[in-house]
file my_file_34.cif (mmCIF, C-alpha atoms and all ligand atoms)
data_my_file
#
loop_
_atom_site.label_atom_id
_atom_site.label_comp_id
_atom_site.auth_asym_id
_atom_site.auth_seq_id
_atom_site.Cartn_x
_atom_site.Cartn_y
_atom_site.Cartn_z
CA MET A 1 134.26 -35.23 107.47
CA GLN A 2 134.43 -33.81 110.94
CA ARG A 3 131.69 -31.44 112.03
CA TRP A 4 132.61 -29.94 115.35
CA PRO A 5 130.27 -28.08 117.60
CA THR A 6 131.42 -24.50 117.47
CA THR A 7 132.45 -22.90 120.75
CA VAL A 8 131.03 -19.40 121.10
CA ARG A 9 131.00 -16.74 123.79
CA PHE A 10 127.52 -15.83 124.92
CA ALA A 11 126.73 -13.49 127.80
CA GLY A 12 130.23 -14.11 129.17
CA LYS A 13 129.79 -17.88 129.19
CA LYS A 14 131.38 -20.47 126.99
CA LEU A 15 128.70 -22.54 125.36
CA LEU A 16 128.79 -25.37 122.89
CA PHE A 17 126.81 -23.96 120.04
CA TYR A 18 125.18 -27.22 119.03
CA ASN A 19 124.16 -27.86 122.64
CA PHE A 20 122.57 -24.46 122.73
CA ILE A 21 120.58 -25.07 119.56
CA VAL A 22 119.33 -28.49 120.61
CA GLN A 23 118.60 -27.29 124.12
CA PHE A 24 116.55 -24.50 122.64
CA ALA A 25 114.67 -26.91 120.40
CA CYS A 26 114.15 -29.82 122.79
CA GLY A 27 114.55 -28.46 126.30
CA SER A 28 115.95 -31.76 127.60
CA ALA A 29 119.42 -31.95 129.10
CA THR A 30 119.95 -35.66 128.41
CA THR A 31 118.78 -35.46 124.83
CA ASN A 32 120.85 -32.35 124.20
CA THR A 33 124.08 -33.87 125.15
CA LEU A 34 123.50 -37.32 123.69
CA TYR A 35 122.18 -36.37 120.32
CA GLY A 36 123.23 -33.67 117.95
CA THR A 37 124.94 -33.16 114.65
CA TRP A 38 128.04 -35.23 115.30
CA SER A 39 129.40 -37.17 112.40
CA MET A 40 132.65 -38.37 113.89
CA LYS A 41 133.96 -41.77 112.80
CA VAL A 42 134.55 -43.95 115.85
CA LEU A 43 136.48 -47.21 115.99
CA VAL A 44 134.86 -49.55 118.53
CA THR A 45 137.04 -52.50 119.53
CA GLY A 46 134.97 -55.35 120.93
CA GLY A 47 131.90 -53.97 119.16
CA ALA A 48 130.53 -57.51 118.78
CA GLY A 49 130.60 -58.04 122.55
CA TYR A 50 128.01 -57.33 125.22
CA ILE A 51 128.79 -53.73 126.21
CA GLY A 52 130.46 -52.83 122.91
CA SER A 53 127.53 -53.92 120.72
CA VAL A 54 124.98 -51.91 122.71
CA THR A 55 127.28 -48.87 122.62
CA VAL A 56 127.55 -49.21 118.83
CA GLU A 57 123.74 -49.30 118.68
CA ARG A 58 123.57 -46.04 120.68
CA LEU A 59 126.39 -44.40 118.70
CA ILE A 60 124.58 -45.10 115.44
CA ALA A 61 121.31 -43.77 116.90
CA ALA A 62 123.26 -40.61 117.76
CA ASP A 63 124.50 -40.25 114.13
CA PHE A 64 128.10 -41.39 114.61
CA SER A 65 129.74 -43.44 111.93
CA VAL A 66 131.15 -46.67 113.42
CA VAL A 67 133.86 -49.16 112.51
CA VAL A 68 133.80 -52.30 114.66
CA LEU A 69 137.01 -54.24 115.21
CA ASP A 70 136.49 -57.62 116.86
CA ASN A 71 138.19 -61.02 116.63
CA LEU A 72 134.87 -62.77 117.45
CA SER A 73 136.61 -64.89 120.09
CA GLN A 74 133.98 -63.81 122.60
CA GLY A 75 131.72 -61.53 120.56
CA HIS A 76 129.00 -62.45 118.09
CA ALA A 77 128.70 -61.46 114.44
CA ALA A 78 124.93 -61.24 114.92
CA ALA A 79 125.39 -58.60 117.64
CA ILE A 80 127.12 -56.16 115.27
CA HIS A 81 124.83 -53.37 114.18
CA PRO A 82 124.18 -53.64 110.42
CA ALA A 83 125.00 -49.95 109.91
CA ALA A 84 128.53 -50.43 111.31
CA THR A 85 131.51 -51.39 109.15
CA PHE A 86 132.93 -54.63 110.52
CA VAL A 87 136.60 -55.63 110.46
CA GLU A 88 137.45 -59.06 111.87
CA ALA A 89 140.89 -58.55 113.38
CA ASP A 90 142.91 -59.23 116.50
CA LEU A 91 144.49 -56.47 118.55
CA GLN A 92 147.48 -58.73 119.16
CA ASP A 93 148.30 -58.20 115.48
CA PRO A 94 149.73 -54.67 114.99
CA ASP A 95 149.60 -54.99 111.17
CA ALA A 96 145.87 -55.68 111.30
CA ILE A 97 145.29 -52.56 113.41
CA GLU A 98 147.47 -50.53 111.07
CA SER A 99 145.30 -51.58 108.09
CA VAL A 100 142.16 -50.36 109.87
CA PHE A 101 143.64 -46.93 110.53
CA ALA A 102 145.11 -46.75 107.02
CA GLU A 103 141.76 -47.55 105.43
CA HIS A 104 139.34 -45.62 107.64
CA ALA A 105 139.56 -41.99 108.71
CA ILE A 106 139.15 -42.85 112.40
CA GLU A 107 138.71 -39.83 114.68
CA ALA A 108 138.14 -41.50 118.05
CA VAL A 109 138.44 -44.94 119.63
CA MET A 110 136.30 -46.74 122.20
CA HIS A 111 138.19 -49.75 123.52
CA PHE A 112 135.99 -52.56 124.85
CA ALA A 113 137.87 -55.61 123.54
CA SER A 114 139.31 -57.28 126.60
CA ARG A 115 139.47 -60.32 128.79
CA THR A 116 137.05 -59.41 131.59
CA LEU A 117 136.67 -62.26 134.08
CA VAL A 118 137.89 -61.67 137.62
CA GLY A 119 137.86 -65.40 138.50
CA GLU A 120 139.66 -66.47 135.32
CA SER A 121 142.29 -63.80 135.87
CA MET A 122 143.13 -65.30 139.26
CA GLN A 123 143.78 -68.63 137.53
CA LYS A 124 145.47 -67.30 134.39
CA PRO A 125 147.15 -64.03 135.41
CA PHE A 126 149.38 -63.75 132.34
CA LEU A 127 146.37 -63.86 130.04
CA TYR A 128 145.31 -60.60 131.64
CA LEU A 129 148.58 -58.96 132.57
CA GLY A 130 149.85 -59.91 129.10
CA GLU A 131 147.06 -59.86 126.54
CA ASN A 132 144.92 -57.03 127.92
CA VAL A 133 147.94 -54.78 128.29
CA VAL A 134 149.58 -55.65 124.96
CA CYS A 135 146.33 -55.20 123.00
CA GLY A 136 145.73 -51.78 124.57
CA ARG A 137 149.32 -50.77 123.88
CA ASN A 138 149.18 -51.90 120.22
CA LEU A 139 145.97 -49.97 119.71
CA LEU A 140 147.22 -46.78 121.35
CA GLU A 141 150.52 -46.86 119.50
CA CYS A 142 148.75 -47.18 116.16
CA MET A 143 146.26 -44.44 117.05
CA LEU A 144 148.97 -41.98 117.93
CA ARG A 145 150.92 -42.86 114.77
CA HIS A 146 147.80 -41.79 112.87
CA ASP A 147 147.36 -38.69 115.04
CA VAL A 148 144.09 -39.94 116.56
CA LYS A 149 143.89 -38.56 120.07
CA ARG A 150 140.47 -39.33 121.49
CA PHE A 151 140.18 -42.53 123.49
CA VAL A 152 137.52 -44.03 125.76
CA LEU A 153 138.60 -46.97 127.91
CA SER A 154 136.39 -49.66 129.45
CA SER A 155 137.79 -49.74 132.94
CA THR A 156 136.44 -51.45 136.02
CA ALA A 157 135.30 -51.27 139.63
CA ASN A 158 137.73 -54.13 140.26
CA LEU A 159 140.29 -51.34 140.80
CA PHE A 160 138.74 -50.93 144.26
CA ASP A 161 139.46 -53.93 146.43
CA SER A 162 138.53 -53.19 150.07
CA PRO A 163 137.60 -49.52 149.55
CA GLU A 164 137.81 -47.19 152.53
CA LYS A 165 134.47 -45.53 151.78
CA ILE A 166 131.27 -46.72 150.11
CA PRO A 167 129.87 -45.45 147.77
CA ILE A 168 133.18 -45.31 145.96
CA THR A 169 134.30 -42.01 144.45
CA GLU A 170 137.06 -41.47 141.91
CA ASN A 171 139.28 -40.33 144.81
CA GLU A 172 139.34 -43.80 146.40
CA SER A 173 142.76 -45.47 146.53
CA ILE A 174 143.39 -47.81 143.65
CA ARG A 175 143.92 -51.37 144.90
CA PRO A 176 143.07 -53.84 142.13
CA GLY A 177 141.29 -56.97 143.35
CA SER A 178 142.70 -59.25 140.67
CA PRO A 179 145.06 -59.42 137.66
CA TYR A 180 142.03 -58.30 135.62
CA GLY A 181 141.73 -55.11 137.69
CA GLU A 182 145.51 -54.68 137.57
CA SER A 183 145.47 -54.87 133.75
CA LYS A 184 143.00 -51.96 133.69
CA ARG A 185 145.09 -50.02 136.17
CA ILE A 186 148.10 -50.40 133.87
CA LEU A 187 146.03 -49.18 130.91
CA GLU A 188 144.77 -46.19 132.89
CA ARG A 189 148.37 -45.30 133.77
CA MET A 190 149.35 -45.68 130.12
CA LEU A 191 146.65 -43.15 129.22
CA TYR A 192 147.89 -40.75 131.88
CA TRP A 193 151.41 -40.83 130.44
CA LEU A 194 150.29 -40.62 126.81
CA GLU A 195 148.41 -37.47 127.67
CA GLN A 196 151.68 -36.01 129.00
CA THR A 197 153.84 -37.20 126.13
CA ASP A 198 151.49 -37.04 123.13
CA GLY A 199 148.48 -34.94 124.07
CA LEU A 200 146.08 -37.91 124.11
CA ARG A 201 142.61 -37.05 125.44
CA PHE A 202 141.03 -39.96 127.29
CA ALA A 203 138.04 -40.99 129.36
CA ALA A 204 138.52 -43.95 131.72
CA LEU A 205 135.07 -45.31 132.58
CA ARG A 206 135.06 -47.62 135.56
CA TYR A 207 132.03 -49.81 135.25
CA PHE A 208 130.43 -51.36 138.24
CA ASN A 209 128.21 -54.31 137.19
CA ALA A 210 126.93 -53.96 133.63
CA ALA A 211 123.60 -55.75 133.30
CA GLY A 212 120.31 -55.80 131.39
CA ALA A 213 119.72 -55.69 127.65
CA SER A 214 118.48 -53.48 124.86
CA PRO A 215 115.55 -54.98 122.95
CA ASP A 216 117.96 -56.33 120.31
CA ARG A 217 121.22 -57.01 122.14
CA GLY A 218 121.95 -58.84 125.36
CA GLU A 219 124.42 -60.88 127.36
CA ASP A 220 125.68 -64.14 125.85
CA HIS A 221 129.00 -65.52 127.11
CA THR A 222 130.38 -69.04 126.65
CA PRO A 223 130.68 -70.30 129.28
CA GLU A 224 128.30 -67.93 131.08
CA CYS A 225 129.63 -66.93 134.48
CA HIS A 226 127.85 -63.64 135.28
CA LEU A 227 125.20 -63.59 137.95
CA ILE A 228 122.11 -62.16 136.20
CA PRO A 229 122.29 -64.27 133.01
CA LEU A 230 122.98 -67.38 135.12
CA VAL A 231 119.96 -66.67 137.32
CA LEU A 232 117.82 -66.22 134.19
CA GLU A 233 119.15 -69.45 132.69
CA VAL A 234 117.86 -71.22 135.80
CA ALA A 235 114.49 -69.49 135.33
CA LEU A 236 114.44 -70.63 131.68
CA GLY A 237 115.08 -74.23 132.75
CA LYS A 238 118.52 -74.31 131.11
CA ARG A 239 120.20 -74.93 134.48
CA GLU A 240 118.89 -76.64 137.57
CA SER A 241 120.32 -74.24 140.13
CA LEU A 242 122.83 -71.57 140.89
CA SER A 243 125.86 -71.64 143.15
CA ILE A 244 126.33 -68.58 145.36
CA PHE A 245 130.01 -67.76 145.74
CA GLY A 246 130.31 -67.29 149.48
CA ASN A 247 127.94 -66.20 152.27
CA ASP A 248 130.55 -65.22 154.85
CA TYR A 249 131.30 -61.71 153.56
CA PRO A 250 130.95 -58.71 155.91
CA THR A 251 127.65 -57.67 154.25
CA PRO A 252 124.09 -57.69 155.68
CA ASP A 253 123.24 -61.20 154.39
CA GLY A 254 126.81 -62.45 153.93
CA THR A 255 126.71 -62.50 150.11
CA CYS A 256 128.58 -60.01 147.89
CA VAL A 257 127.00 -56.65 147.19
CA ARG A 258 127.21 -55.10 143.73
CA ASP A 259 125.90 -51.99 141.96
CA TYR A 260 124.11 -53.08 138.76
CA ILE A 261 123.97 -50.57 135.93
CA HIS A 262 121.88 -50.89 132.77
CA ILE A 263 123.86 -51.46 129.62
CA SER A 264 122.11 -48.62 127.74
CA ASP A 265 122.89 -46.13 130.52
CA LEU A 266 126.48 -47.28 130.37
CA ALA A 267 126.53 -46.86 126.59
CA ASP A 268 125.15 -43.33 126.89
CA ALA A 269 127.86 -42.45 129.40
CA HIS A 270 130.44 -43.39 126.74
CA ILE A 271 128.88 -41.03 124.23
CA LEU A 272 128.72 -38.17 126.71
CA ALA A 273 132.34 -38.77 127.69
CA LEU A 274 133.45 -38.89 124.06
CA LYS A 275 131.71 -35.61 123.29
CA ALA A 276 133.36 -33.96 126.27
CA LEU A 277 136.89 -35.16 125.49
CA ASP A 278 138.02 -32.04 123.71
CA GLN A 279 137.43 -30.13 126.94
CA GLY A 280 139.83 -32.46 128.77
CA SER A 281 140.59 -36.01 129.88
CA ARG A 282 138.41 -37.50 132.57
CA THR A 283 137.85 -40.51 134.82
CA TYR A 284 134.41 -41.58 136.03
CA ASN A 285 132.90 -44.27 138.23
CA LEU A 286 129.69 -45.57 136.70
CA GLY A 287 126.91 -47.17 138.71
CA ASN A 288 123.51 -46.37 140.21
CA GLY A 289 124.77 -45.78 143.74
CA ARG A 290 122.75 -48.67 145.21
CA GLY A 291 124.11 -52.06 146.16
CA PHE A 292 122.25 -55.39 145.97
CA SER A 293 123.42 -58.67 147.44
CA VAL A 294 123.47 -61.88 145.43
CA LEU A 295 120.44 -63.04 147.44
CA GLU A 296 118.57 -59.80 146.66
CA VAL A 297 119.26 -60.27 142.94
CA ILE A 298 117.86 -63.81 143.11
CA GLU A 299 114.80 -62.61 145.04
CA THR A 300 114.11 -59.86 142.47
CA ALA A 301 114.52 -62.34 139.61
CA ARG A 302 112.08 -64.70 141.31
CA LYS A 303 109.41 -61.98 141.33
CA ILE A 304 110.02 -61.06 137.70
CA THR A 305 110.23 -64.58 136.27
CA GLY A 306 107.82 -66.38 138.60
CA HIS A 307 110.42 -69.16 138.92
CA ALA A 308 111.72 -70.49 142.27
CA ILE A 309 115.39 -70.22 141.15
CA PRO A 310 116.97 -72.75 143.49
CA TYR A 311 120.53 -72.15 144.67
CA GLU A 312 123.18 -73.69 146.86
CA MET A 313 125.85 -71.97 148.89
CA GLY A 314 129.35 -72.51 147.54
CA PRO A 315 132.84 -71.27 148.43
CA ARG A 316 134.01 -67.73 147.72
CA ARG A 317 135.34 -66.96 144.25
CA ALA A 318 138.92 -65.67 144.42
CA GLY A 319 139.27 -61.99 143.55
CA ASP A 320 135.72 -60.95 144.57
CA PRO A 321 135.58 -57.84 146.80
CA ALA A 322 132.74 -57.91 149.40
CA GLU A 323 130.99 -54.71 148.32
CA LEU A 324 131.26 -52.44 145.28
CA VAL A 325 128.90 -49.49 145.00
CA ALA A 326 129.63 -46.44 142.86
CA ASP A 327 129.36 -42.78 143.62
CA SER A 328 128.67 -41.43 140.11
CA GLY A 329 128.27 -37.83 141.26
CA ARG A 330 131.18 -36.63 139.15
CA ILE A 331 129.79 -37.66 135.74
CA THR A 332 126.32 -36.50 136.80
CA SER A 333 127.51 -33.03 137.71
CA GLU A 334 130.11 -32.63 134.94
CA LEU A 335 128.25 -34.17 131.99
CA GLY A 336 124.61 -34.32 133.10
CA TRP A 337 124.56 -38.14 132.89
CA LYS A 338 121.33 -39.50 134.32
CA PRO A 339 120.56 -43.22 134.24
CA GLN A 340 117.24 -43.97 132.55
CA PHE A 341 116.98 -47.53 133.89
CA ALA A 342 118.23 -47.23 137.45
CA GLN A 343 115.92 -49.74 139.15
CA LEU A 344 117.18 -53.30 139.61
CA GLU A 345 113.70 -54.58 138.59
CA THR A 346 113.89 -52.70 135.27
CA ILE A 347 117.39 -53.97 134.63
CA ILE A 348 116.46 -57.60 135.28
CA GLU A 349 113.19 -57.26 133.35
CA SER A 350 115.08 -56.06 130.27
CA ALA A 351 117.51 -58.98 130.55
CA TRP A 352 114.61 -61.41 131.06
CA HIS A 353 112.86 -60.06 127.96
CA TRP A 354 116.00 -60.59 125.87
CA HIS A 355 116.77 -64.05 127.25
CA ARG A 356 113.20 -65.27 126.70
CA ASN A 357 113.37 -64.05 123.09
CA HIS A 358 116.89 -65.48 122.64
CA PRO A 359 116.93 -68.68 124.73
CA ASN A 360 120.11 -69.78 122.93
CA GLY A 361 121.66 -66.33 122.99
CA TYR A 362 122.92 -65.36 119.54
CA GLY A 363 122.79 -69.07 118.66
CA ASP A 364 126.36 -69.21 117.33
CA GLN A 365 128.05 -71.20 120.10
CA ALA A 366 127.92 -74.96 120.61
N1 LIG B 401 128.14 -64.75 141.64
C1 LIG B 401 127.65 -65.87 142.31
N2 LIG B 401 127.43 -67.01 141.58
C2 LIG B 401 127.64 -67.09 140.24
C3 LIG B 401 128.12 -65.92 139.58
C4 LIG B 401 128.36 -64.77 140.31
O1 LIG B 401 127.44 -65.87 143.51
O2 LIG B 401 127.44 -68.15 139.64
C5 LIG B 401 128.39 -63.52 142.41
C6 LIG B 401 129.84 -63.04 142.33
O3 LIG B 401 130.61 -63.65 143.36
C7 LIG B 401 129.68 -61.54 142.52
C8 LIG B 401 128.28 -61.24 141.92
O4 LIG B 401 127.61 -62.50 141.85
O5 LIG B 401 129.64 -61.22 143.87
C9 LIG B 401 128.38 -60.64 140.55
O6 LIG B 401 129.25 -61.46 139.78
P1 LIG B 401 129.45 -61.27 138.23
O7 LIG B 401 130.37 -62.38 137.77
O8 LIG B 401 128.13 -61.18 137.57
O9 LIG B 401 130.15 -59.86 138.08
P2 LIG B 401 131.52 -59.29 138.72
O10 LIG B 401 131.14 -58.72 140.05
O11 LIG B 401 132.51 -60.39 138.77
O12 LIG B 401 131.92 -58.22 137.75
#
call {"tool": "encode", "arguments": {"input": "my_file_34.cif", "output": "structure tokens", "more": "lines below"}}
Ligand code: UDP
result
Amino acid sequence: MQRWPTTVRFAGKKLLFYNFIVQFACGSATTNTLYGTWSMKVLVTGGAGYIGSVTVERLIAADFSVVVLDNLSQGHAAAIHPAATFVEADLQDPDAIESVFAEHAIEAVMHFASRTLVGESMQKPFLYLGENVVCGRNLLECMLRHDVKRFVLSSTANLFDSPEKIPITENESIRPGSPYGESKRILERMLYWLEQTDGLRFAALRYFNAAGASPDRGEDHTPECHLIPLVLEVALGKRESLSIFGNDYPTPDGTCVRDYIHISDLADAHILALKALDQGSRTYNLGNGRGFSVLEVIETARKITGHAIPYEMGPRRAGDPAELVADSGRITSELGWKPQFAQLETIIESAWHWHRNHPNGYGDQA
């Protein structure tokens, strides 16, 4: 059953009635907009993966009902929240998607399932330009057939190769840095057109560097190739050292600069965006507005873990832009999004906590 916040007129202003009630009761802007009496059923593709599983956790905490669709090729069964309904299926199989929509009264979709590696996409472009695009298309076509018109897309900062201005706003020119970024650009364009043709309402959320962990869910890829988990694997003694991909970039210390955003803050942005969809489609850049070089990340991790974390300088990784830092002013002013874990130390500490408690990740990969 769908319970919508009622829109009322009050003193000449349009207010969301439920927001008003919760605001009155709690007096906290973040809490108001994140939690309330929403009982929408949300399909989360990739809900067994890193960002998807933490978003499911937050959706359930906010009273949504969740169906997870995941083929477990990269995700982990143990990461799926026990209160979610799980369907093991592949988005390349239209019949499997059709069964999910036929069986469950889905009202909105959050689409995380994706190939996501910049470096891999430079080596295997068709995996990205093919699979990522076809899976998104299959999902959207099925949604629209079932008259489901709310969609939140995991998009990426890799849309912004060599940006003209840093921090990067949503008005920056789109120049994907890799076939991965290009696949997200194609999906964003698909959403634009489906809004024109079918009245789809979408939010395209361009993540900068998702990092950190919730107490129960963290980052576990096989093979691992993301900076923070690799650094922590060195600190745990699982690897001897780290290779830094290039120190000849036009940045203060020559290594790439990235804007790291805590996974729970990212998850909350999805919920805010979903709740705002009926007021219109939207596109947001999501980061903390501060960039850290690879060397600064290692230095911070050294302080937190007490480990020396040795590294060697290696060649650049193809597809890596020099500097990516978000201007998230738009989502802050439009939806009141405010990161709760904005400090790099807090982000790395949360990841360190999870990795120490899960030294073999979810323990399901050889
Ligand atoms: N990086 C690195 N060594 C590694 C992994 C990553 O120097 O073993 C760098 C990478 O070049 C990038 C930054 O760390 O500048 C973050 O990379 P990650 O793969 O974590 O995220 P991405 O920026 O690709 O989304």
call {"tool": "residues_near_ligand", "arguments": {"input": "my_file_34.cif", "ligand": "ligand LIG 401 (chain B)", "cutoff": "6 Å", "atoms": "only C-alpha atoms and all ligand atoms", "output": "JSON, numbers by chain"}}
result
{"A": [118, 209, 225, 226, 227, 242, 243, 244, 245, 256, 294, 317, 320]}
call {"tool": "residues_around", "arguments": {"input": "my_file_34.cif", "residues": "Val234 of chain A", "least_positions_apart": "4", "cutoff": "12 Å", "atoms": "all atoms listed in the file", "output": "PDB file with C-alpha atoms, keeping the file's coordinate frame"}}
result
ATOM      1  CA  GLU A 224     128.300 -67.930 131.080  1.00  0.00           C
ATOM      2  CA  LEU A 227     125.200 -63.590 137.950  1.00  0.00           C
ATOM      3  CA  ILE A 228     122.110 -62.160 136.200  1.00  0.00           C
ATOM      4  CA  PRO A 229     122.290 -64.270 133.010  1.00  0.00           C
ATOM      5  CA  LEU A 230     122.980 -67.380 135.120  1.00  0.00           C
ATOM      6  CA  LYS A 238     118.520 -74.310 131.110  1.00  0.00           C
ATOM      7  CA  ARG A 239     120.200 -74.930 134.480  1.00  0.00           C
ATOM      8  CA  GLU A 240     118.890 -76.640 137.570  1.00  0.00           C
ATOM      9  CA  SER A 241     120.320 -74.240 140.130  1.00  0.00           C
ATOM     10  CA  LEU A 242     122.830 -71.570 140.890  1.00  0.00           C
ATOM     11  CA  SER A 243     125.860 -71.640 143.150  1.00  0.00           C
ATOM     12  CA  ILE A 298     117.860 -63.810 143.110  1.00  0.00           C
ATOM     13  CA  ALA A 301     114.520 -62.340 139.610  1.00  0.00           C
ATOM     14  CA  ARG A 302     112.080 -64.700 141.310  1.00  0.00           C
ATOM     15  CA  THR A 305     110.230 -64.580 136.270  1.00  0.00           C
ATOM     16  CA  GLY A 306     107.820 -66.380 138.600  1.00  0.00           C
ATOM     17  CA  HIS A 307     110.420 -69.160 138.920  1.00  0.00           C
ATOM     18  CA  ALA A 308     111.720 -70.490 142.270  1.00  0.00           C
ATOM     19  CA  ILE A 309     115.390 -70.220 141.150  1.00  0.00           C
ATOM     20  CA  PRO A 310     116.970 -72.750 143.490  1.00  0.00           C
ATOM     21  CA  TYR A 311     120.530 -72.150 144.670  1.00  0.00           C
ATOM     22  CA  TRP A 352     114.610 -61.410 131.060  1.00  0.00           C
ATOM     23  CA  HIS A 355     116.770 -64.050 127.250  1.00  0.00           C
ATOM     24  CA  ARG A 356     113.200 -65.270 126.700  1.00  0.00           C
ATOM     25  CA  PRO A 359     116.930 -68.680 124.730  1.00  0.00           C
TER      26      PRO A 359
END
call {"tool": "closest_residue", "arguments": {"input": "my_file_34.cif", "among": "A:Lys149, A:His262, A:His81, A:Arg185", "to": "Ala48 of chain A", "atoms": "only C-alpha atoms"}}
result
A:His81
call {"tool": "atom_distance", "arguments": {"input": "my_file_34.cif", "atom1": "atom CA of Phe151 of chain A", "atom2": "atom CA of Thr116 of chain A"}}
result
19.0 Å
call {"tool": "residues_around", "arguments": {"input": "my_file_34.cif", "residues": "Asn158 of chain A", "least_positions_apart": "2", "cutoff": "6 Å", "atoms": "all atoms listed in the file", "output": "NGL selection string"}}
result
:A and (156 or 160 or 176-177 or 181)
call {"tool": "build_atoms", "arguments": {"input": "my_file_34.cif", "residues": "segment 250-268 of chain A", "atoms": "N, CA and C atoms", "output": "PDB file, in the coordinates of the input"}}
result
ATOM      1  N   PRO A 250     131.460 -59.684 154.928  1.00  0.00           N
ATOM      2  CA  PRO A 250     130.950 -58.710 155.910  1.00  0.00           C
ATOM      3  C   PRO A 250     129.882 -57.799 155.287  1.00  0.00           C
ATOM      4  N   THR A 251     128.779 -58.398 154.844  1.00  0.00           N
ATOM      5  CA  THR A 251     127.650 -57.670 154.250  1.00  0.00           C
ATOM      6  C   THR A 251     126.391 -58.091 155.005  1.00  0.00           C
ATOM      7  N   PRO A 252     125.272 -57.376 154.861  1.00  0.00           N
ATOM      8  CA  PRO A 252     124.090 -57.690 155.680  1.00  0.00           C
ATOM      9  C   PRO A 252     123.645 -59.152 155.607  1.00  0.00           C
ATOM     10  N   ASP A 253     123.647 -59.776 154.424  1.00  0.00           N
ATOM     11  CA  ASP A 253     123.240 -61.200 154.390  1.00  0.00           C
ATOM     12  C   ASP A 253     124.398 -62.143 154.102  1.00  0.00           C
ATOM     13  N   GLY A 254     125.616 -61.613 154.094  1.00  0.00           N
ATOM     14  CA  GLY A 254     126.810 -62.450 153.930  1.00  0.00           C
ATOM     15  C   GLY A 254     127.212 -62.682 152.476  1.00  0.00           C
ATOM     16  N   THR A 255     126.326 -62.316 151.518  1.00  0.00           N
ATOM     17  CA  THR A 255     126.710 -62.500 150.110  1.00  0.00           C
ATOM     18  C   THR A 255     127.204 -61.159 149.540  1.00  0.00           C
ATOM     19  N   CYS A 256     127.952 -61.231 148.447  1.00  0.00           N
ATOM     20  CA  CYS A 256     128.580 -60.010 147.890  1.00  0.00           C
ATOM     21  C   CYS A 256     127.548 -59.005 147.419  1.00  0.00           C
ATOM     22  N   VAL A 257     127.885 -57.742 147.601  1.00  0.00           N
ATOM     23  CA  VAL A 257     127.000 -56.650 147.190  1.00  0.00           C
ATOM     24  C   VAL A 257     127.606 -55.954 145.961  1.00  0.00           C
ATOM     25  N   ARG A 258     126.760 -55.754 144.953  1.00  0.00           N
ATOM     26  CA  ARG A 258     127.210 -55.100 143.730  1.00  0.00           C
ATOM     27  C   ARG A 258     126.204 -54.034 143.295  1.00  0.00           C
ATOM     28  N   ASP A 259     126.701 -53.090 142.492  1.00  0.00           N
ATOM     29  CA  ASP A 259     125.900 -51.990 141.960  1.00  0.00           C
ATOM     30  C   ASP A 259     125.657 -52.293 140.479  1.00  0.00           C
ATOM     31  N   TYR A 260     124.425 -52.665 140.144  1.00  0.00           N
ATOM     32  CA  TYR A 260     124.110 -53.080 138.760  1.00  0.00           C
ATOM     33  C   TYR A 260     123.665 -51.875 137.955  1.00  0.00           C
ATOM     34  N   ILE A 261     124.262 -51.739 136.769  1.00  0.00           N
ATOM     35  CA  ILE A 261     123.970 -50.570 135.930  1.00  0.00           C
ATOM     36  C   ILE A 261     123.514 -51.059 134.552  1.00  0.00           C
ATOM     37  N   HIS A 262     122.434 -50.443 134.057  1.00  0.00           N
ATOM     38  CA  HIS A 262     121.880 -50.890 132.770  1.00  0.00           C
ATOM     39  C   HIS A 262     122.836 -50.571 131.632  1.00  0.00           C
ATOM     40  N   ILE A 263     122.937 -51.524 130.756  1.00  0.00           N
ATOM     41  CA  ILE A 263     123.860 -51.460 129.620  1.00  0.00           C
ATOM     42  C   ILE A 263     123.624 -50.213 128.740  1.00  0.00           C
ATOM     43  N   SER A 264     122.384 -49.793 128.589  1.00  0.00           N
ATOM     44  CA  SER A 264     122.110 -48.620 127.740  1.00  0.00           C
ATOM     45  C   SER A 264     122.548 -47.339 128.444  1.00  0.00           C
ATOM     46  N   ASP A 265     122.394 -47.298 129.770  1.00  0.00           N
ATOM     47  CA  ASP A 265     122.890 -46.130 130.520  1.00  0.00           C
ATOM     48  C   ASP A 265     124.410 -46.048 130.436  1.00  0.00           C
ATOM     49  N   LEU A 266     125.029 -47.220 130.489  1.00  0.00           N
ATOM     50  CA  LEU A 266     126.480 -47.280 130.370  1.00  0.00           C
ATOM     51  C   LEU A 266     126.915 -46.792 128.980  1.00  0.00           C
ATOM     52  N   ALA A 267     126.205 -47.259 127.972  1.00  0.00           N
ATOM     53  CA  ALA A 267     126.530 -46.860 126.590  1.00  0.00           C
ATOM     54  C   ALA A 267     126.404 -45.344 126.444  1.00  0.00           C
ATOM     55  N   ASP A 268     125.349 -44.780 127.013  1.00  0.00           N
ATOM     56  CA  ASP A 268     125.150 -43.330 126.890  1.00  0.00           C
ATOM     57  C   ASP A 268     126.258 -42.553 127.600  1.00  0.00           C
TER      58      ASP A 268
END
